[in-house]
>>> print(open('structure.txt').read())   # compact mmCIF, C-alpha atoms
# COMPACT_ATOMS: atom_id res chain seq x y z
CA MET A 1 0.00 0.00 0.00
CA THR A 2 1.48 3.31 -1.05
CA ASP A 3 1.60 6.43 1.08
CA GLU A 4 -1.06 8.09 -1.10
CA ILE A 5 -3.51 5.20 -0.56
CA LYS A 6 -2.79 5.17 3.20
CA ALA A 7 -3.54 8.90 3.45
CA ARG A 8 -6.78 8.56 1.50
CA LEU A 9 -7.83 5.57 3.59
CA HIS A 10 -7.22 7.66 6.74
CA TRP A 11 -9.49 10.43 5.38
CA VAL A 12 -12.26 8.00 4.56
CA THR A 13 -12.17 6.05 7.84
CA LEU A 14 -12.11 9.28 9.85
CA TYR A 15 -15.13 10.55 7.96
CA LEU A 16 -17.02 7.27 8.38
CA LYS A 17 -16.41 7.47 12.16
CA THR A 18 -17.31 11.11 12.70
CA LYS A 19 -19.75 11.76 9.80
CA ASN A 20 -18.43 15.34 9.94
CA ALA A 21 -16.89 16.40 6.61
CA SER A 22 -15.87 19.86 7.88
CA LEU A 23 -13.92 18.36 10.76
CA VAL A 24 -12.11 15.87 8.52
CA CYS A 25 -11.20 18.56 5.98
CA ARG A 26 -9.82 20.91 8.67
CA ARG A 27 -7.82 18.17 10.34
CA CYS A 28 -6.44 16.61 7.13
CA GLY A 29 -6.05 19.82 5.10
CA ILE A 30 -8.15 18.75 2.13
CA SER A 31 -11.21 20.18 0.38
CA LYS A 32 -14.74 18.79 0.62
CA PRO A 33 -14.90 17.82 -3.10
CA THR A 34 -11.67 15.81 -2.65
CA LEU A 35 -13.08 14.06 0.40
CA ARG A 36 -16.38 13.25 -1.37
CA LEU A 37 -14.45 11.85 -4.37
CA TRP A 38 -12.46 9.33 -2.35
CA VAL A 39 -15.40 8.38 -0.11
CA ARG A 40 -17.48 7.51 -3.23
CA ARG A 41 -14.65 5.48 -4.75
CA TYR A 42 -14.02 3.63 -1.44
CA GLN A 43 -17.69 2.77 -1.02
CA LYS A 44 -17.80 1.50 -4.61
CA ASP A 45 -14.52 -0.42 -5.02
CA GLY A 46 -13.01 -0.62 -1.53
CA ILE A 47 -9.28 -0.04 -1.14
CA GLN A 48 -8.77 -0.59 -4.92
CA GLY A 49 -10.87 2.53 -5.52
CA LEU A 50 -8.29 4.65 -3.66
CA GLN A 51 -5.67 4.10 -6.36
CA SER A 52 -4.92 6.98 -8.78
CA LYS A 53 -6.40 6.52 -12.24
CA SER A 54 -4.69 7.33 -15.52
CA LYS A 55 -5.39 10.84 -16.82
CA CYS A 56 -4.92 9.88 -20.45
CA PRO A 57 -8.00 10.55 -22.60
CA ILE A 58 -10.17 7.54 -23.39
CA LYS A 59 -10.19 8.46 -27.09
CA THR A 60 -7.22 10.24 -28.63
CA PRO A 61 -7.87 12.49 -31.62
CA GLU A 62 -6.75 11.20 -34.99
CA LYS A 63 -3.45 12.44 -36.29
CA LYS A 64 -4.15 15.39 -38.57
CA VAL A 65 -0.93 15.12 -40.55
CA THR A 66 -0.85 11.80 -42.37
CA SER A 67 1.98 10.42 -44.46
CA GLN A 68 0.08 11.47 -47.60
CA ILE A 69 -0.06 15.09 -46.41
CA GLU A 70 3.65 15.00 -45.63
CA GLN A 71 4.34 13.78 -49.17
CA TRP A 72 2.27 16.66 -50.58
CA VAL A 73 4.21 19.20 -48.52
CA LEU A 74 7.60 17.75 -49.44
CA ALA A 75 6.68 17.59 -53.14
CA LEU A 76 5.69 21.26 -53.06
CA ARG A 77 8.94 22.08 -51.28
CA LYS A 78 10.86 20.63 -54.22
CA ARG A 79 9.37 23.47 -56.28
CA ARG A 80 11.16 25.87 -53.92
CA LEU A 81 8.00 27.14 -52.25
CA GLY A 82 7.87 28.64 -48.77
CA SER A 83 5.33 27.74 -46.09
CA ARG A 84 2.87 30.45 -47.13
CA ARG A 85 2.89 29.39 -50.76
CA ILE A 86 2.73 25.70 -49.81
CA GLN A 87 -0.37 26.51 -47.75
CA SER A 88 -1.96 28.19 -50.77
CA GLU A 89 -1.05 25.34 -53.12
CA LEU A 90 -2.47 22.69 -50.76
CA ILE A 91 -5.83 24.44 -50.96
CA ARG A 92 -5.68 24.82 -54.74
CA LEU A 93 -4.43 21.34 -55.64
CA TYR A 94 -5.86 19.14 -52.88
CA ASN A 95 -8.59 21.27 -51.26
CA PHE A 96 -6.85 20.77 -47.92
CA SER A 97 -6.08 23.49 -45.38
CA LEU A 98 -3.06 23.35 -43.09
CA SER A 99 -1.55 26.02 -40.85
CA ARG A 100 1.83 27.48 -41.72
CA ARG A 101 3.19 26.39 -38.34
CA THR A 102 2.26 22.76 -39.05
CA ILE A 103 3.80 22.99 -42.52
CA GLN A 104 7.01 24.32 -41.00
CA LYS A 105 7.03 21.47 -38.44
CA ILE A 106 6.80 18.94 -41.28
CA LEU A 107 9.71 20.62 -43.09
CA ASP A 108 11.78 20.66 -39.89
CA GLN A 109 11.03 16.99 -39.15
CA HIS A 110 12.30 16.04 -42.59
CA GLN A 111 15.33 18.33 -42.20
CA GLN A 112 14.44 20.54 -45.13
CA PRO A 113 16.89 23.46 -45.25
CA PRO A 114 15.50 27.00 -45.43
CA LEU A 115 15.19 28.54 -48.87
CA LYS A 116 18.08 30.68 -49.98
CA VAL A 117 16.87 33.88 -51.56
CA SER A 118 19.38 35.56 -53.82
CA ARG A 119 19.06 39.32 -53.57
CA ARG A 120 20.93 41.77 -55.70
CA THR A 121 22.85 44.34 -53.74
CA ARG A 122 21.30 47.70 -54.45
CA LYS A 123 21.65 50.95 -52.59
CA THR A 124 17.95 51.71 -52.85
CA VAL A 125 14.99 49.63 -54.01
CA LYS A 126 12.20 51.67 -55.53
CA ARG A 127 8.82 49.97 -55.48
CA TYR A 128 5.96 51.50 -57.38
CA ALA A 129 2.31 50.84 -58.07
CA ARG A 130 -0.42 52.88 -59.70
CA GLU A 131 -3.00 54.23 -57.28
CA VAL A 132 -6.03 53.90 -59.57
CA PRO A 133 -7.26 50.57 -60.99
CA GLY A 134 -6.90 50.47 -64.77
CA ASP A 135 -4.51 53.43 -64.88
CA ARG A 136 -1.88 51.14 -66.42
CA VAL A 137 -2.17 47.53 -67.56
CA GLN A 138 1.03 45.69 -68.42
CA MET A 139 0.77 43.22 -71.30
CA ASP A 140 3.23 40.62 -72.58
CA THR A 141 3.56 37.22 -74.25
CA CYS A 142 5.66 34.18 -73.38
CA GLU A 143 6.29 30.86 -75.10
CA ILE A 144 4.92 27.90 -73.14
CA THR A 145 5.95 25.20 -75.60
CA LYS A 146 6.30 24.81 -79.34
CA GLN A 147 3.37 26.55 -81.08
CA LEU A 148 1.80 27.54 -77.78
CA TYR A 149 2.01 31.09 -76.43
CA GLN A 150 0.47 32.74 -73.42
CA TYR A 151 -0.81 36.31 -73.61
CA THR A 152 -0.81 37.98 -70.20
CA ALA A 153 -2.26 41.26 -68.94
CA ILE A 154 -1.98 42.45 -65.32
CA ASP A 155 -3.25 45.63 -63.72
CA ASP A 156 -0.46 47.67 -62.17
CA CYS A 157 -2.62 48.69 -59.21
CA THR A 158 -4.72 45.69 -58.16
CA ARG A 159 -2.69 42.85 -59.77
CA LEU A 160 -5.84 41.47 -61.39
CA LYS A 161 -4.61 39.23 -64.19
CA VAL A 162 -6.02 37.99 -67.50
CA ILE A 163 -4.36 35.15 -69.43
CA LYS A 164 -5.14 33.25 -72.62
CA LEU A 165 -3.34 30.72 -74.85
CA TYR A 166 -2.77 31.03 -78.59
CA THR A 167 -0.87 28.99 -81.17
CA GLU A 168 1.16 32.00 -82.34
CA LYS A 169 2.05 35.59 -81.59
CA SER A 170 0.29 37.79 -84.14
CA ALA A 171 -1.57 41.06 -84.52
CA ALA A 172 -4.86 39.18 -84.94
CA ASN A 173 -4.33 37.33 -81.65
CA SER A 174 -3.32 40.57 -79.95
CA LEU A 175 -6.63 42.11 -81.07
CA ASP A 176 -8.56 39.10 -79.81
CA PHE A 177 -6.74 39.19 -76.47
CA LEU A 178 -7.40 42.91 -76.12
CA GLU A 179 -11.14 42.31 -76.46
CA TYR A 180 -10.87 39.49 -73.91
CA VAL A 181 -9.02 41.70 -71.41
CA ILE A 182 -11.55 44.53 -71.73
CA GLU A 183 -14.35 42.04 -71.12
CA GLU A 184 -12.66 40.39 -68.12
CA LEU A 185 -11.44 43.41 -66.14
CA PRO A 186 -14.13 45.10 -64.02
CA PHE A 187 -12.81 48.63 -64.67
CA PRO A 188 -11.93 50.74 -67.75
CA ILE A 189 -8.34 50.65 -69.01
CA GLN A 190 -6.56 53.98 -69.46
CA ARG A 191 -3.11 52.80 -70.63
CA ILE A 192 -1.59 49.58 -71.94
CA GLN A 193 2.14 49.03 -71.56
CA THR A 194 3.98 46.42 -73.63
CA ASP A 195 7.49 45.54 -74.70
CA ARG A 196 8.71 46.07 -78.27
CA GLY A 197 7.23 42.80 -79.57
CA MET A 198 6.02 43.18 -83.15
CA GLU A 199 2.63 41.59 -82.29
CA PHE A 200 1.68 44.82 -80.49
CA PHE A 201 2.78 47.33 -83.14
CA ALA A 202 0.37 46.54 -85.96
CA HIS A 203 -1.66 49.61 -86.91
CA GLU A 204 -4.87 47.61 -86.49
CA PHE A 205 -4.00 46.95 -82.85
CA GLN A 206 -3.04 50.56 -82.15
CA LYS A 207 -6.14 51.86 -83.92
CA ARG A 208 -8.33 49.62 -81.78
CA LEU A 209 -6.71 51.06 -78.67
CA MET A 210 -7.52 54.58 -79.87
CA ASP A 211 -11.11 53.55 -80.57
CA TYR A 212 -11.40 52.40 -76.96
CA ALA A 213 -9.73 55.60 -75.63
CA ILE A 214 -6.72 53.60 -74.39
CA LYS A 215 -3.22 55.06 -74.52
CA PHE A 216 -0.46 52.86 -75.93
CA ARG A 217 2.82 53.12 -74.01
CA PRO A 218 5.53 50.63 -75.11
CA ILE A 219 8.70 50.48 -73.01
CA LYS A 220 12.28 50.97 -74.12
CA PRO A 221 14.20 48.05 -75.67
CA ARG A 222 16.07 45.72 -73.32
CA SER A 223 14.18 47.08 -70.29
CA PRO A 224 12.11 44.17 -68.94
CA HIS A 225 12.25 45.69 -65.44
CA LEU A 226 9.90 48.43 -66.66
CA ASN A 227 7.35 45.69 -67.34
CA GLY A 228 8.29 43.90 -64.14
CA LYS A 229 4.85 42.96 -62.86
CA VAL A 230 3.80 41.03 -65.95
CA GLU A 231 7.25 39.43 -66.20
CA ARG A 232 7.05 38.28 -62.57
CA THR A 233 3.51 36.94 -62.85
CA GLN A 234 4.49 34.85 -65.88
CA LYS A 235 7.24 33.33 -63.76
CA THR A 236 4.59 32.53 -61.15
CA ASP A 237 2.52 30.81 -63.86
CA TRP A 238 5.50 28.60 -64.69
CA GLU A 239 6.27 27.73 -61.06
CA GLU A 240 2.75 27.22 -59.71
CA PHE A 241 0.61 26.23 -62.70
CA TYR A 242 2.44 24.77 -65.68
CA SER A 243 4.76 22.71 -63.47
CA THR A 244 1.72 20.85 -62.08
CA ILE A 245 -0.19 19.96 -65.27
CA ASP A 246 0.19 18.07 -68.52
CA LEU A 247 0.59 20.56 -71.36
CA ASN A 248 -0.91 18.03 -73.79
CA SER A 249 -4.13 17.62 -71.83
CA LEU A 250 -7.33 18.32 -73.74
CA ASP A 251 -8.77 20.50 -70.96
CA LEU A 252 -5.75 22.82 -70.77
CA ASN A 253 -7.83 25.92 -71.46
CA ASP A 254 -10.30 25.01 -68.71
CA LYS A 255 -7.48 24.50 -66.25
CA LEU A 256 -5.95 27.82 -67.28
CA ARG A 257 -9.25 29.54 -66.59
CA GLU A 258 -9.43 27.91 -63.17
CA TRP A 259 -5.89 29.08 -62.45
CA GLN A 260 -6.77 32.66 -63.47
CA ASP A 261 -9.79 32.66 -61.15
CA TYR A 262 -7.74 31.20 -58.32
CA TYR A 263 -4.97 33.77 -58.85
CA ASN A 264 -7.41 36.68 -58.79
CA HIS A 265 -9.83 35.59 -56.09
CA GLU A 266 -8.06 33.23 -53.67
CA ARG A 267 -4.28 33.49 -53.92
CA PRO A 268 -2.84 36.01 -51.39
CA HIS A 269 -0.10 38.34 -52.65
CA SER A 270 2.77 39.53 -50.49
CA SER A 271 2.97 42.71 -52.58
CA LEU A 272 -0.64 43.44 -51.57
CA LYS A 273 -0.01 42.70 -47.88
CA ASN A 274 -1.52 39.23 -48.27
CA GLN A 275 -4.68 40.49 -49.93
CA THR A 276 -6.01 38.87 -53.08
CA PRO A 277 -6.20 41.01 -56.23
CA TRP A 278 -9.99 40.98 -56.02
CA GLU A 279 -9.91 42.20 -52.41
CA LYS A 280 -7.56 44.99 -53.49
CA TRP A 281 -9.91 45.95 -56.32
CA TRP A 282 -12.87 45.97 -53.96
CA GLU A 283 -10.94 48.23 -51.59
CA LEU A 284 -10.06 50.73 -54.36
CA SER A 285 -13.18 50.41 -56.51
CA SER A 286 -14.37 53.90 -55.53
CA LYS A 287 -11.23 55.40 -57.10
CA ALA A 288 -11.78 53.81 -60.52
CA PRO A 289 -13.26 56.23 -63.10
CA PHE A 290 -16.29 55.39 -65.24
CA TYR A 291 -15.95 54.57 -68.94
CA ASP A 292 -17.37 57.92 -70.06
CA GLU A 293 -14.88 59.75 -67.82
CA VAL A 294 -11.98 57.86 -69.42
CA GLU A 295 -13.27 58.74 -72.89
CA ALA A 296 -13.59 62.40 -71.89
CA MET A 297 -9.95 62.49 -70.66
CA PHE A 298 -8.62 60.82 -73.82
CA ASP A 299 -7.24 63.25 -76.43
CA GLU A 300 -6.69 61.39 -79.70
CA SER A 301 -4.79 64.35 -81.18
CA LYS A 302 -1.96 63.70 -78.71
CA GLU A 303 -1.70 60.05 -79.71
CA ARG A 304 0.24 58.63 -82.66
CA PHE A 305 1.05 55.28 -84.23
CA ARG A 306 4.16 53.89 -82.61
CA GLU A 307 6.99 52.20 -84.47
CA GLN A 308 8.56 48.98 -83.26
CA ASN A 309 12.04 50.33 -83.96
CA TYR A 310 12.77 52.55 -80.97
CA ARG A 311 15.12 54.94 -82.79
CA ALA A 312 12.70 55.37 -85.65
CA ASP A 313 9.94 55.97 -83.12
CA LEU A 314 11.98 58.72 -81.47
CA GLU A 315 12.64 60.40 -84.83
CA LEU A 316 8.93 60.23 -85.63
CA GLN A 317 8.16 61.84 -82.29
CA LYS A 318 10.58 64.69 -83.05
CA VAL A 319 9.02 65.23 -86.45
CA LYS A 320 5.53 65.36 -84.97
CA GLY A 321 6.81 67.85 -82.37
CA CYS A 322 8.06 70.09 -85.16
CA TRP A 323 4.61 70.04 -86.77
>>> encode(input="structure.txt", output="structure tokens")
Amino acid sequence: MTDEIKARLHWVTLYLKTKNASLVCRRCGISKPTLRLWVRRYQKDGIQGLQSKSKCPIKTPEKKVTSQIEQWVLALRKRRLGSRRIQSELIRLYNFSLSRRTIQKILDQHQQPPLKVSRRTRKTVKRYAREVPGDRVQMDTCEITKQLYQYTAIDDCTRLKVIKLYTEKSAANSLDFLEYVIEELPFPIQRIQTDRGMEFFAHEFQKRLMDYAIKFRPIKPRSPHLNGKVERTQKTDWEEFYSTIDLNSLDLNDKLREWQDYYNHERPHSSLKNQTPWEKWWELSSKAPFYDEVEAMFDESKERFREQNYRADLELQKVKGCW
């Protein structure tokens, strides 16, 4: 018999003799609920009832992180994704939510080293973003595979993105994509910024922009940093979308549409302080002008057809200035 059982037996026998719980509690230095507990157990099971019972729960909760979930996390880590992006991809690919702390525990258990981020040494980093939705939309194309090109447009302010696949880069496809972008974005476009790709410099494309009261502002040659947002979002498409699908699948366009909706409505952006592009648009929607206001601000006399050759374009600008 242990000392604990002897003490409890003393409490119980003293109570059974005196029938005075207050006296027993004062003399033994215990509370009335404690005394009642051990008296009930003694009356039910005798001395065996005075033994301490295990405090472990009768039913333990199921383990939330299974081996399958760990495999998902580790596979996403191979794509060089951090815990926040892994969390987002788990929801998109597997419809499964997991906290960032749990994701980090899984990575630590499997001894995954932290990601090394290469940063260029600069004295100052200038970040910029337009304050009004639709003030500037960056547009670009990229080759996905042979005879498959992605057209991309992203709003400089809200990061709302529109993407579509074509078999070639051409003026006709640029016109079609322009109509698609205007239909998809919930605000009027004031400017479109592109690189010097010839698919954007056809007169038909530029004339359509003027008809819609949209200014055409191509960037300088060899200056992709000026179109940085669309360049970066195309890299995101490669890392988070095209790396997870079969490019020869018949439902590629449907999957691309799902990815666009996910990017705009569900995927948080660090550049937007973890807001989604749609949340950012909703926050700034009162600043966006109406279509008739954009048309009123547009002065077609100040616009001109741009040349793909940058030097020739500058000479043409000087000539027009002399007029």
>>> closest_atom_pairs(input="structure.txt", of="region 71-169 of chain A", to="region 276-292 of chain A", cutoff="9 Å", atoms="all atoms listed in the file", output="tab-separated table")
residue	atom	partner	partner_atom	distance
A:Glu131	CA	A:Lys287	CA	8.3
A:Val132	CA	A:Ala288	CA	5.8
A:Pro133	CA	A:Ala288	CA	5.6
A:Gly134	CA	A:Ala288	CA	7.3
A:Asp135	CA	A:Ala288	CA	8.5
A:Cys157	CA	A:Trp281	CA	8.3
A:Thr158	CA	A:Pro277	CA	5.3
A:Arg159	CA	A:Pro277	CA	5.3
A:Leu160	CA	A:Pro277	CA	5.2
A:Lys161	CA	A:Pro277	CA	8.3
>>> atom_distance(input="structure.txt", atom1="CA of Lys116 (chain A)", atom2="CA of Glu240 (chain A)")
18.5 Å
>>> atom_distance(input="structure.txt", atom1="CA of Gln308 (chain A)", atom2="CA of Arg208 (chain A)")
17.0 Å
>>> closest_residue(input="structure.txt", among="A:Met139, A:Ile245, A:Thr145, A:Ile163", to="Arg217 (chain A)", atoms="all atoms listed in the file")
A:Met139
>>> residues_near_point(input="structure.txt", point="(3.5, 34.8, -66.8)", cutoff="9 Å", atoms="only C-alpha atoms", output="list in words")
Asp140, Thr141, Cys142, Gln150, Tyr151, Thr152, Ala153, Ile163, Val230, Glu231, Arg232, Thr233, Gln234, Lys235, Thr236, Asp237 and Trp238 of chain A
>>> residues_near_point(input="structure.txt", point="(14.3, 18.5, -48.3)", cutoff="9 Å", atoms="all atoms listed in the file", output="ChimeraX atom specification")
/A:74,77-78,107,110-113
>>> closest_residue(input="structure.txt", among="A:Lys6, A:Arg196, A:Arg304, A:Arg92", to="Lys318 (chain A)", atoms="all atoms listed in the file")
A:Arg304
>>> closest_residue(input="structure.txt", among="A:Leu35, A:Gly29, A:Ile47, A:Tyr128", to="Leu272 (chain A)", atoms="all atoms listed in the file")
A:Tyr128
>>> closest_residue(input="structure.txt", among="A:Leu185, A:Ala296, A:Val39, A:Ala312", to="Leu14 (chain A)", atoms="only C-alpha atoms")
A:Val39
>>> closest_residue(input="structure.txt", among="A:Lys255, A:Lys19, A:Lys229, A:Lys207", to="Lys164 (chain A)", atoms="all atoms listed in the file")
A:Lys255
>>> residues_around(input="structure.txt", residues="Leu178 (chain A)", least_positions_apart="3", cutoff="10 Å", atoms="all atoms listed in the file", output="list in words")
Met139, Tyr151, Ala153, Ala172, Asn173, Ser174, Leu175, Val181, Ile182, Glu183, Glu184, Ile192, Phe205, Arg208 and Leu209 of chain A
>>> closest_residue(input="structure.txt", among="A:Tyr94, A:Tyr212, A:Trp259, A:Tyr180", to="Asp299 (chain A)", atoms="only C-alpha atoms")
A:Tyr212
>>> atom_distance(input="structure.txt", atom1="CA of Gln190 (chain A)", atom2="CA of Arg136 (chain A)")
6.3 Å
